[in-house]
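Text of upload.cif, listed as mmCIF, C-alpha atoms, pLDDT in the B column; chains and numbers go by the auth columns:
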data_work
loop_
_atom_site.group_PDB
_atom_site.id
_atom_site.type_symbol
_atom_site.label_atom_id
_atom_site.label_comp_id
_atom_site.label_asym_id
_atom_site.label_seq_id
_atom_site.Cartn_x
_atom_site.Cartn_y
_atom_site.Cartn_z
_atom_site.B_iso_or_equiv
_atom_site.auth_seq_id
_atom_site.auth_asym_id
ATOM 1 C CA THR A 1 105.320 112.798 115.935 46.00 1 R
ATOM 2 C CA GLU A 2 103.245 114.529 113.269 52.00 2 R
ATOM 3 C CA GLN A 3 103.139 111.352 111.185 58.00 3 R
ATOM 4 C CA ALA A 4 103.029 108.513 113.708 60.00 4 R
ATOM 5 C CA LEU A 5 100.245 106.016 114.277 64.00 5 R
ATOM 6 C CA SER A 6 102.209 104.157 116.937 59.00 6 R
ATOM 7 C CA GLY A 7 103.822 106.394 119.545 50.00 7 R
ATOM 8 C CA ALA A 8 107.022 105.063 121.068 44.00 8 R
ATOM 9 C CA GLY A 9 109.423 107.072 123.162 36.00 9 R
ATOM 10 C CA LEU A 10 107.370 110.265 123.148 34.00 10 R
ATOM 11 C CA ALA A 11 104.306 109.021 124.964 35.00 11 R
ATOM 12 C CA GLU A 12 103.188 107.618 128.282 31.00 12 R
ATOM 13 C CA LEU A 13 102.235 103.988 128.584 32.00 13 R
ATOM 14 C CA LEU A 14 98.654 103.698 129.790 34.00 14 R
ATOM 15 C CA GLY A 15 96.532 100.585 129.644 35.00 15 R
ATOM 16 C CA GLY A 16 98.924 98.860 127.245 37.00 16 R
ATOM 17 C CA GLU A 17 98.677 101.638 124.657 41.00 17 R
ATOM 18 C CA GLN A 18 100.856 104.640 123.939 43.00 18 R
ATOM 19 C CA ILE A 19 99.065 107.876 124.829 46.00 19 R
ATOM 20 C CA CYS A 20 100.463 110.918 123.055 51.00 20 R
ATOM 21 C CA HIS A 21 100.182 114.587 123.784 55.00 21 R
ATOM 22 C CA PRO A 22 96.878 116.059 122.488 50.00 22 R
ATOM 23 C CA GLU A 23 98.820 118.484 120.289 53.00 23 R
ATOM 24 C CA HIS A 24 100.272 115.587 118.324 65.00 24 R
ATOM 25 C CA ARG A 25 97.172 113.426 118.536 72.00 25 R
ATOM 26 C CA TRP A 26 95.177 115.814 116.361 77.00 26 R
ATOM 27 C CA SER A 27 97.991 116.801 114.009 78.00 27 R
ATOM 28 C CA SER A 28 97.282 116.056 110.346 79.00 28 R
ATOM 29 C CA LYS A 29 100.084 117.850 108.535 86.00 29 R
ATOM 30 C CA ASN A 30 103.162 116.352 106.857 89.00 30 R
ATOM 31 C CA ASN A 31 101.794 112.820 106.971 90.00 31 R
ATOM 32 C CA ALA A 32 103.789 110.549 104.662 90.00 32 R
ATOM 33 C CA ILE A 33 100.804 108.317 103.816 93.00 33 R
ATOM 34 C CA VAL A 34 98.144 110.993 103.348 93.00 34 R
ATOM 35 C CA GLY A 35 97.993 110.186 99.611 95.00 35 R
ATOM 36 C CA ILE A 36 97.286 106.476 100.017 96.00 36 R
ATOM 37 C CA CYS A 37 94.262 104.938 98.270 97.00 37 R
ATOM 38 C CA LEU A 38 91.638 102.882 100.053 97.00 38 R
ATOM 39 C CA PRO A 39 92.741 99.360 98.950 95.00 39 R
ATOM 40 C CA GLN A 40 96.342 99.954 100.064 95.00 40 R
ATOM 41 C CA TRP A 41 95.159 101.598 103.295 96.00 41 R
ATOM 42 C CA VAL A 42 92.851 98.694 104.156 95.00 42 R
ATOM 43 C CA ARG A 43 95.697 96.263 103.539 92.00 43 R
ATOM 44 C CA MET A 44 98.024 98.335 105.712 92.00 44 R
ATOM 45 C CA LEU A 45 95.476 98.436 108.532 92.00 45 R
ATOM 46 C CA ALA A 46 94.979 94.676 108.299 92.00 46 R
ATOM 47 C CA GLU A 47 98.704 93.988 108.387 89.00 47 R
ATOM 48 C CA ARG A 48 99.536 96.525 111.124 88.00 48 R
ATOM 49 C CA ARG A 49 96.380 96.666 113.218 88.00 49 R
ATOM 50 C CA ARG A 50 98.170 95.436 116.330 88.00 50 R
ATOM 51 C CA GLU A 51 100.847 98.126 116.096 86.00 51 R
ATOM 52 C CA ILE A 52 98.393 101.045 115.967 87.00 52 R
ATOM 53 C CA ALA A 53 97.764 102.869 119.240 85.00 53 R
ATOM 54 C CA TRP A 54 94.045 103.162 118.558 86.00 54 R
ATOM 55 C CA ARG A 55 93.124 105.077 121.723 85.00 55 R
ATOM 56 C CA SER A 56 95.731 107.723 120.972 83.00 56 R
ATOM 57 C CA TYR A 57 95.705 107.944 117.210 85.00 57 R
ATOM 58 C CA TRP A 58 92.136 107.199 116.152 89.00 58 R
ATOM 59 C CA PRO A 59 91.750 110.774 114.823 89.00 59 R
ATOM 60 C CA ARG A 60 94.655 110.177 112.433 89.00 60 R
ATOM 61 C CA VAL A 61 93.319 106.798 111.381 91.00 61 R
ATOM 62 C CA LEU A 62 89.962 108.410 110.639 93.00 62 R
ATOM 63 C CA TYR A 63 91.649 111.270 108.767 93.00 63 R
ATOM 64 C CA ILE A 64 93.722 108.950 106.580 94.00 64 R
ATOM 65 C CA THR A 65 90.678 106.733 105.974 95.00 65 R
ATOM 66 C CA LEU A 66 88.711 109.721 104.693 96.00 66 R
ATOM 67 C CA MET A 67 91.668 110.872 102.594 95.00 67 R
ATOM 68 C CA SER A 68 92.103 107.379 101.163 96.00 68 R
ATOM 69 C CA CYS A 69 88.514 107.474 99.907 96.00 69 R
ATOM 70 C CA VAL A 70 89.148 110.863 98.285 95.00 70 R
ATOM 71 C CA ASN A 71 92.433 109.629 96.800 96.00 71 R
ATOM 72 C CA SER A 72 90.731 106.579 95.317 96.00 72 R
ATOM 73 C CA VAL A 73 88.251 108.796 93.513 95.00 73 R
ATOM 74 C CA LEU A 74 90.981 111.179 92.321 93.00 74 R
ATOM 75 C CA ALA A 75 93.134 108.271 91.120 95.00 75 R
ATOM 76 C CA PHE A 76 90.409 107.368 88.636 94.00 76 R
ATOM 77 C CA SER A 77 91.373 110.392 86.514 93.00 77 R
ATOM 78 C CA ASP A 78 94.952 109.186 86.012 95.00 78 R
ATOM 79 C CA SER A 79 93.742 105.646 85.365 93.00 79 R
ATOM 80 C CA LEU A 80 91.137 106.786 82.841 93.00 80 R
ATOM 81 C CA LEU A 81 93.320 109.183 80.847 94.00 81 R
ATOM 82 C CA PHE A 82 96.805 107.664 81.146 96.00 82 R
ATOM 83 C CA ARG A 83 96.410 103.924 81.711 95.00 83 R
ATOM 84 C CA SER A 84 97.716 102.988 78.260 96.00 84 R
ATOM 85 C CA ALA A 85 100.601 105.470 78.418 95.00 85 R
ATOM 86 C CA ILE A 86 101.607 104.282 81.892 96.00 86 R
ATOM 87 C CA ARG A 87 101.576 100.621 80.876 95.00 87 R
ATOM 88 C CA ALA A 88 103.583 101.378 77.732 94.00 88 R
ATOM 89 C CA MET A 89 106.179 103.334 79.725 93.00 89 R
ATOM 90 C CA GLU A 90 106.392 100.541 82.287 94.00 90 R
ATOM 91 C CA ARG A 91 107.235 98.117 79.480 92.00 91 R
ATOM 92 C CA VAL A 92 109.937 100.463 78.223 90.00 92 R
ATOM 93 C CA ILE A 93 111.465 100.558 81.700 89.00 93 R
ATOM 94 C CA CYS A 94 111.275 96.801 82.238 89.00 94 R
ATOM 95 C CA GLU A 95 112.704 95.989 78.807 86.00 95 R
ATOM 96 C CA LYS A 96 115.436 98.636 79.183 78.00 96 R
ATOM 97 C CA LYS A 97 114.699 100.109 75.776 73.00 97 R
ATOM 98 C CA ASP A 98 115.413 103.688 76.805 72.00 98 R
ATOM 99 C CA PRO A 99 118.999 104.541 77.850 71.00 99 R
ATOM 100 C CA ARG A 100 117.709 107.198 80.217 69.00 100 R
ATOM 101 C CA PHE A 101 116.491 104.447 82.532 70.00 101 R
ATOM 102 C CA LEU A 102 119.815 102.616 82.553 71.00 102 R
ATOM 103 C CA SER A 103 121.757 105.166 84.613 78.00 103 R
ATOM 104 C CA PRO A 104 119.723 106.268 87.648 82.00 104 R
ATOM 105 C CA VAL A 105 121.377 108.494 90.232 86.00 105 R
ATOM 106 C CA PHE A 106 121.151 107.447 93.884 86.00 106 R
ATOM 107 C CA ILE A 107 121.815 109.995 96.623 88.00 107 R
ATOM 108 C CA LEU A 108 122.911 108.278 99.822 86.00 108 R
ATOM 109 C CA GLY A 109 123.927 109.849 103.102 86.00 109 R
ATOM 110 C CA HIS A 110 123.277 110.254 106.785 85.00 110 R
ATOM 111 C CA PRO A 111 120.611 112.719 107.978 80.00 111 R
ATOM 112 C CA ARG A 112 121.824 116.318 108.105 82.00 112 R
ATOM 113 C CA SER A 113 124.695 115.571 105.708 88.00 113 R
ATOM 114 C CA GLY A 114 123.497 117.675 102.762 88.00 114 R
ATOM 115 C CA THR A 115 121.582 115.098 100.716 89.00 115 R
ATOM 116 C CA THR A 116 118.549 117.380 100.373 87.00 116 R
ATOM 117 C CA LEU A 117 120.701 120.252 99.119 89.00 117 R
ATOM 118 C CA LEU A 118 122.383 117.984 96.564 92.00 118 R
ATOM 119 C CA HIS A 119 118.997 116.641 95.480 91.00 119 R
ATOM 120 C CA ASN A 120 117.661 120.162 94.978 91.00 120 R
ATOM 121 C CA ILE A 121 120.716 121.172 92.945 93.00 121 R
ATOM 122 C CA LEU A 122 120.481 118.149 90.647 91.00 122 R
ATOM 123 C CA ALA A 123 116.754 118.738 90.191 91.00 123 R
ATOM 124 C CA LEU A 124 117.508 122.137 88.640 91.00 124 R
ATOM 125 C CA ASP A 125 118.896 120.298 85.589 90.00 125 R
ATOM 126 C CA ASP A 126 115.503 119.154 84.339 83.00 126 R
ATOM 127 C CA ALA A 127 116.944 118.465 80.887 82.00 127 R
ATOM 128 C CA LYS A 128 119.049 115.626 82.288 84.00 128 R
ATOM 129 C CA PHE A 129 117.141 114.443 85.347 86.00 129 R
ATOM 130 C CA THR A 130 113.564 113.454 86.053 87.00 130 R
ATOM 131 C CA THR A 131 112.758 114.315 89.656 89.00 131 R
ATOM 132 C CA CYS A 132 109.814 113.771 91.943 93.00 132 R
ATOM 133 C CA SER A 133 108.052 116.790 93.420 95.00 133 R
ATOM 134 C CA THR A 134 106.519 116.744 96.890 95.00 134 R
ATOM 135 C CA PHE A 135 103.035 116.540 95.413 96.00 135 R
ATOM 136 C CA CYS A 136 104.015 113.599 93.199 97.00 136 R
ATOM 137 C CA ALA A 137 105.552 111.833 96.192 96.00 137 R
ATOM 138 C CA GLY A 138 102.542 112.459 98.398 95.00 138 R
ATOM 139 C CA PHE A 139 99.819 111.744 95.841 97.00 139 R
ATOM 140 C CA PRO A 140 101.336 109.271 93.362 97.00 140 R
ATOM 141 C CA SER A 141 97.980 107.911 92.210 96.00 141 R
ATOM 142 C CA SER A 142 96.656 111.156 90.765 96.00 142 R
ATOM 143 C CA PHE A 143 99.441 113.665 90.092 96.00 143 R
ATOM 144 C CA LEU A 144 99.365 113.427 86.284 96.00 144 R
ATOM 145 C CA CYS A 145 95.922 115.020 86.162 94.00 145 R
ATOM 146 C CA LEU A 146 95.699 116.899 89.419 94.00 146 R
ATOM 147 C CA GLU A 147 99.131 118.214 90.380 94.00 147 R
ATOM 148 C CA HIS A 148 98.426 121.810 89.359 92.00 148 R
ATOM 149 C CA VAL A 149 95.008 122.053 91.019 94.00 149 R
ATOM 150 C CA GLY A 150 95.785 119.679 93.871 93.00 150 R
ATOM 151 C CA SER A 151 98.864 121.636 94.917 93.00 151 R
ATOM 152 C CA ARG A 152 96.559 124.544 95.725 92.00 152 R
ATOM 153 C CA VAL A 153 93.506 122.723 97.064 92.00 153 R
ATOM 154 C CA LEU A 154 95.533 120.377 99.293 91.00 154 R
ATOM 155 C CA SER A 155 98.198 122.872 100.380 90.00 155 R
ATOM 156 C CA GLY A 156 96.922 122.672 103.955 89.00 156 R
ATOM 157 C CA VAL A 157 98.162 119.085 104.418 90.00 157 R
ATOM 158 C CA ILE A 158 101.799 120.196 104.597 91.00 158 R
ATOM 159 C CA SER A 159 103.621 122.884 106.562 90.00 159 R
ATOM 160 C CA ASN A 160 105.489 125.825 105.066 91.00 160 R
ATOM 161 C CA LYS A 161 108.690 124.601 106.743 88.00 161 R
ATOM 162 C CA ARG A 162 110.149 121.154 107.196 84.00 162 R
ATOM 163 C CA PRO A 163 109.732 120.288 110.896 79.00 163 R
ATOM 164 C CA MET A 164 113.194 118.740 111.258 78.00 164 R
ATOM 165 C CA ASP A 165 115.286 121.651 109.937 80.00 165 R
ATOM 166 C CA ASN A 166 112.977 124.606 109.247 82.00 166 R
ATOM 167 C CA MET A 167 113.777 124.526 105.517 82.00 167 R
ATOM 168 C CA PRO A 168 111.075 125.760 103.083 85.00 168 R
ATOM 169 C CA LEU A 169 108.515 123.123 102.136 90.00 169 R
ATOM 170 C CA SER A 170 105.917 123.171 99.377 92.00 170 R
ATOM 171 C CA PHE A 171 104.382 120.786 96.881 95.00 171 R
ATOM 172 C CA ALA A 172 106.721 122.130 94.187 93.00 172 R
ATOM 173 C CA VAL A 173 110.069 121.297 95.819 92.00 173 R
ATOM 174 C CA PRO A 174 111.878 118.031 94.970 93.00 174 R
ATOM 175 C CA GLN A 175 111.044 115.119 97.211 93.00 175 R
ATOM 176 C CA GLU A 176 112.221 111.563 97.849 91.00 176 R
ATOM 177 C CA ASP A 177 110.420 109.167 95.498 93.00 177 R
ATOM 178 C CA GLU A 178 110.495 106.436 98.161 94.00 178 R
ATOM 179 C CA ILE A 179 107.545 108.224 99.782 95.00 179 R
ATOM 180 C CA ALA A 180 105.504 107.558 96.636 96.00 180 R
ATOM 181 C CA ILE A 181 106.675 103.931 96.492 96.00 181 R
ATOM 182 C CA ASN A 182 105.628 103.444 100.107 95.00 182 R
ATOM 183 C CA VAL A 183 102.143 104.788 99.323 96.00 183 R
ATOM 184 C CA LEU A 184 101.610 102.791 96.119 95.00 184 R
ATOM 185 C CA SER A 185 102.969 99.538 97.551 95.00 185 R
ATOM 186 C CA GLY A 186 100.808 99.780 100.652 93.00 186 R
ATOM 187 C CA GLY A 187 103.717 100.049 103.057 92.00 187 R
ATOM 188 C CA VAL A 188 106.504 97.934 101.578 94.00 188 R
ATOM 189 C CA SER A 189 109.249 100.445 102.290 94.00 189 R
ATOM 190 C CA PRO A 190 111.683 101.513 105.012 91.00 190 R
ATOM 191 C CA TYR A 191 109.626 104.719 105.129 91.00 191 R
ATOM 192 C CA MET A 192 106.945 102.789 107.004 90.00 192 R
ATOM 193 C CA CYS A 193 108.931 103.650 110.124 88.00 193 R
ATOM 194 C CA LEU A 194 107.536 107.196 109.856 85.00 194 R
ATOM 195 C CA PRO A 195 103.917 106.292 110.685 85.00 195 R
ATOM 196 C CA PHE A 196 104.898 103.196 112.711 86.00 196 R
ATOM 197 C CA MET A 197 107.796 104.416 114.822 83.00 197 R
ATOM 198 C CA ALA A 198 107.232 101.953 117.639 81.00 198 R
ATOM 199 C CA CYS A 199 108.013 98.980 115.386 84.00 199 R
ATOM 200 C CA HIS A 200 110.567 100.602 113.085 84.00 200 R
ATOM 201 C CA ALA A 201 112.860 97.566 113.237 87.00 201 R
ATOM 202 C CA ASP A 202 110.214 95.533 111.395 88.00 202 R
ATOM 203 C CA PHE A 203 110.943 97.507 108.244 91.00 203 R
ATOM 204 C CA PHE A 204 114.715 97.043 108.134 90.00 204 R
ATOM 205 C CA GLU A 205 114.226 94.050 105.832 91.00 205 R
ATOM 206 C CA TYR A 206 112.911 96.427 103.169 92.00 206 R
ATOM 207 C CA TYR A 207 116.409 97.770 102.660 90.00 207 R
ATOM 208 C CA SER A 208 117.453 94.504 100.996 90.00 208 R
ATOM 209 C CA PHE A 209 114.372 92.219 100.572 90.00 209 R
ATOM 210 C CA ARG A 210 116.696 89.234 101.009 88.00 210 R
ATOM 211 C CA ASN A 211 114.096 87.103 102.759 84.00 211 R
ATOM 212 C CA ASP A 212 110.830 88.306 101.225 86.00 212 R
ATOM 213 C CA SER A 213 110.406 87.895 97.468 90.00 213 R
ATOM 214 C CA ALA A 214 106.706 88.836 97.596 92.00 214 R
ATOM 215 C CA ALA A 215 107.483 92.169 99.263 93.00 215 R
ATOM 216 C CA ARG A 216 110.276 92.749 96.757 94.00 216 R
ATOM 217 C CA ALA A 217 107.803 92.215 93.899 95.00 217 R
ATOM 218 C CA ARG A 218 105.344 94.696 95.451 94.00 218 R
ATOM 219 C CA TRP A 219 108.070 97.305 95.919 95.00 219 R
ATOM 220 C CA THR A 220 109.428 96.802 92.388 94.00 220 R
ATOM 221 C CA ARG A 221 105.979 97.112 90.841 95.00 221 R
ATOM 222 C CA ALA A 222 105.359 100.374 92.705 96.00 222 R
ATOM 223 C CA MET A 223 108.806 101.730 91.798 94.00 223 R
ATOM 224 C CA ILE A 224 108.292 101.019 88.093 94.00 224 R
ATOM 225 C CA THR A 225 104.881 102.707 88.152 96.00 225 R
ATOM 226 C CA VAL A 226 106.285 105.789 89.894 96.00 226 R
ATOM 227 C CA ALA A 227 109.156 106.020 87.393 93.00 227 R
ATOM 228 C CA ALA A 228 106.788 105.618 84.443 94.00 228 R
ATOM 229 C CA LYS A 229 104.392 108.289 85.685 96.00 229 R
ATOM 230 C CA LEU A 230 107.211 110.728 86.439 94.00 230 R
ATOM 231 C CA HIS A 231 108.585 110.295 82.921 93.00 231 R
ATOM 232 C CA ILE A 232 105.133 110.897 81.434 95.00 232 R
ATOM 233 C CA ARG A 233 104.842 113.994 83.632 95.00 233 R
ATOM 234 C CA ASP A 234 108.130 115.273 82.186 91.00 234 R
ATOM 235 C CA MET A 235 106.862 114.769 78.639 90.00 235 R
ATOM 236 C CA LEU A 236 103.644 116.614 79.443 91.00 236 R
ATOM 237 C CA LEU A 237 105.576 119.535 80.959 87.00 237 R
ATOM 238 C CA GLN A 238 107.907 119.697 77.936 85.00 238 R
ATOM 239 C CA ARG A 239 104.934 119.677 75.586 85.00 239 R
ATOM 240 C CA LYS A 240 103.307 122.456 77.576 80.00 240 R
ATOM 241 C CA ASN A 241 106.497 124.550 77.492 76.00 241 R
ATOM 242 C CA ASN A 242 106.867 124.025 73.755 73.00 242 R
ATOM 243 C CA VAL A 243 103.330 125.284 73.163 68.00 243 R
ATOM 244 C CA ARG A 244 104.181 128.435 75.065 60.00 244 R
#

How does this structure look as C-alpha cells?
Amino acid sequence: TEQALSGAGLAELLGGEQICHPEHRWSSKNNAIVGICLPQWVRMLAERRREIAWRSYWPRVLYITLMSCVNSVLAFSDSLLFRSAIRAMERVICEKKDPRFLSPVFILGHPRSGTTLLHNILALDDAKFTTCSTFCAGFPSSFLCLEHVGSRVLSGVISNKRPMDNMPLSFAVPQEDEIAINVLSGGVSPYMCLPFMACHADFFEYYSFRNDSAARARWTRAMITVAAKLHIRDMLLQRKNNVR
C-alpha cells in the first residue's frame, strides 16, 4: 500500500475509482519507482494512465513526477563523468570477454523462505560477488556519483524497517537489482506489480518475454546497464580502499 498507484483489494470502490485510506494516500516512503527519471516516468504514465486511480493517488503521482525531474538532473553527473566507462563495460558484458560475467548467481524462492538472508550472506563476500545496494537499486541513474551523499540527503524516502517483516532497512543493505532494472526500463519488469497492484497479472509476461521481443530488448538493455554500473562501482570502491 505504500507503493501503489492503483489500489485493489484494500480500498473502497467509489465512482469507478479505488479510494484508499488517507494514511496510505499521502505515504511517500519505500516507493519502488522513486528513482525513475522523467522520460521513463512519462512513458510509464502514458502506457498505464488508465490503471492509475487518479482521485486517490494524485499526491503520489505528483511526488514521483517531482522526483523524476530531480533524478533526471542528478543522472547528468553519471552520464557526464562515466558515459565512456559505462559503454565500454557494457561491451565487455555483451561480448562475454570477462569470465566474471559468465557465472551469475540467481537466488530464487518463495516469499518468507530466507532469500533475503542468503542474499545478505553472499553479499559479505565482496571479493567474489558484485551486489546491488538499496541506493543503487532505487537510484540507478545516478549512484556512481551520488551514492555517498544521496544516501544521507535522501534517507527520508525509505523506512528504518522493512514493512513486510520489520527487518532493518537502509540504503547500504543489499537489494534486489530487479528494482533498478524496472526503473531504468520504464516499467518492463514483474516488479511493476508493486506500484500497479490492481493489474498485477499484466506483468506476468515479463517473467519470460515469450511474446514481446521489444519488451525483452528494453529489459535486457536496462539489465546490462545496471550490471556495468555496478561493476564500475566495485572498481571505484576497490580503488578507494587501496588508497587508504

Nearby residues (only C-alpha atoms) at most 12 Å from R:Cys94, same-chain spacing under 3 positions excluded, as a short mmCIF file (atom, residue, chain, number, x, y, z; two decimals) with C-alpha atoms, keeping the file's coordinate frame:
data_model
loop_
_atom_site.label_atom_id
_atom_site.label_comp_id
_atom_site.auth_asym_id
_atom_site.auth_seq_id
_atom_site.Cartn_x
_atom_site.Cartn_y
_atom_site.Cartn_z
CA ARG R 87 101.58 100.62 80.88
CA ALA R 88 103.58 101.38 77.73
CA MET R 89 106.18 103.33 79.72
CA GLU R 90 106.39 100.54 82.29
CA ARG R 91 107.24 98.12 79.48
CA LYS R 97 114.70 100.11 75.78
CA ASP R 98 115.41 103.69 76.81
CA PRO R 99 119.00 104.54 77.85
CA PHE R 101 116.49 104.45 82.53
CA LEU R 102 119.82 102.62 82.55
CA THR R 220 109.43 96.80 92.39
CA ARG R 221 105.98 97.11 90.84
CA MET R 223 108.81 101.73 91.80
CA ILE R 224 108.29 101.02 88.09
CA THR R 225 104.88 102.71 88.15
CA ALA R 227 109.16 106.02 87.39
CA ALA R 228 106.79 105.62 84.44
#

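Using all atoms listed in the file, the smallest distance between any of R:Asp165, R:Pro59, R:Asp177, R:His148 and R:Gly114 comes from R:Asp165.
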
Residues within 12 Å of stretch 229-231 of chain R, all atoms listed in the file, excluding chain neighbours under 2 positions, as number ranges by chain: R: 78-79, 82-90, 92-93, 98, 100-101, 126-133, 135-137, 139-145, 147, 177, 180-181, 222-227, 233-238

Written as a PDB file with C-alpha atoms, keeping the file's coordinate frame, what is the full residue list that the PyMOL selection byres ((chain R and resi 106) around 12) yields on the file shown?
ATOM      1  CA  SER R 103     121.757 105.166  84.613  1.00 78.00           C
ATOM      2  CA  PRO R 104     119.723 106.268  87.648  1.00 82.00           C
ATOM      3  CA  VAL R 105     121.377 108.494  90.232  1.00 86.00           C
ATOM      4  CA  ILE R 107     121.815 109.995  96.623  1.00 88.00           C
ATOM      5  CA  LEU R 108     122.911 108.278  99.822  1.00 86.00           C
ATOM      6  CA  GLY R 109     123.927 109.849 103.102  1.00 86.00           C
ATOM      7  CA  THR R 115     121.582 115.098 100.716  1.00 89.00           C
ATOM      8  CA  LEU R 118     122.383 117.984  96.564  1.00 92.00           C
ATOM      9  CA  HIS R 119     118.997 116.641  95.480  1.00 91.00           C
ATOM     10  CA  LEU R 122     120.481 118.149  90.647  1.00 91.00           C
ATOM     11  CA  PHE R 129     117.141 114.443  85.347  1.00 86.00           C
ATOM     12  CA  THR R 131     112.758 114.315  89.656  1.00 89.00           C
ATOM     13  CA  GLU R 176     112.221 111.563  97.849  1.00 91.00           C
ATOM     14  CA  ASP R 177     110.420 109.167  95.498  1.00 93.00           C
ATOM     15  CA  GLU R 178     110.495 106.436  98.161  1.00 94.00           C
TER      16      GLU R 178
END

Would you write out, as a tab-separated table (two decimals) with C-alpha atoms, keeping the file's coordinate frame, every residue that the PyMOL selection byres ((chain R and resi 162) around 12) captures in this file?
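This is the output file selection_22.tsv:
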chain	number	residue	atom	x	y	z
R	2	GLU	CA	103.24	114.53	113.27
R	29	LYS	CA	100.08	117.85	108.54
R	30	ASN	CA	103.16	116.35	106.86
R	31	ASN	CA	101.79	112.82	106.97
R	116	THR	CA	118.55	117.38	100.37
R	134	THR	CA	106.52	116.74	96.89
R	158	ILE	CA	101.80	120.20	104.60
R	159	SER	CA	103.62	122.88	106.56
R	160	ASN	CA	105.49	125.82	105.07
R	161	LYS	CA	108.69	124.60	106.74
R	163	PRO	CA	109.73	120.29	110.90
R	164	MET	CA	113.19	118.74	111.26
R	165	ASP	CA	115.29	121.65	109.94
R	166	ASN	CA	112.98	124.61	109.25
R	167	MET	CA	113.78	124.53	105.52
R	168	PRO	CA	111.08	125.76	103.08
R	169	LEU	CA	108.52	123.12	102.14
R	170	SER	CA	105.92	123.17	99.38
R	171	PHE	CA	104.38	120.79	96.88
R	173	VAL	CA	110.07	121.30	95.82
R	175	GLN	CA	111.04	115.12	97.21

Excluding R:Gly35 and any residue of its chain fewer than 2 positions from it, enumerate the residues within 7 Å of it, using only C-alpha atoms, and give them as a PyMOL selection string. chain R and resi 33+37+68+71+138-139+183

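Closest approach to R:Leu117 among R:Gln40, R:Asn241, R:Arg25, R:Pro174 is made by R:Pro174 (distances from all atoms listed in the file).
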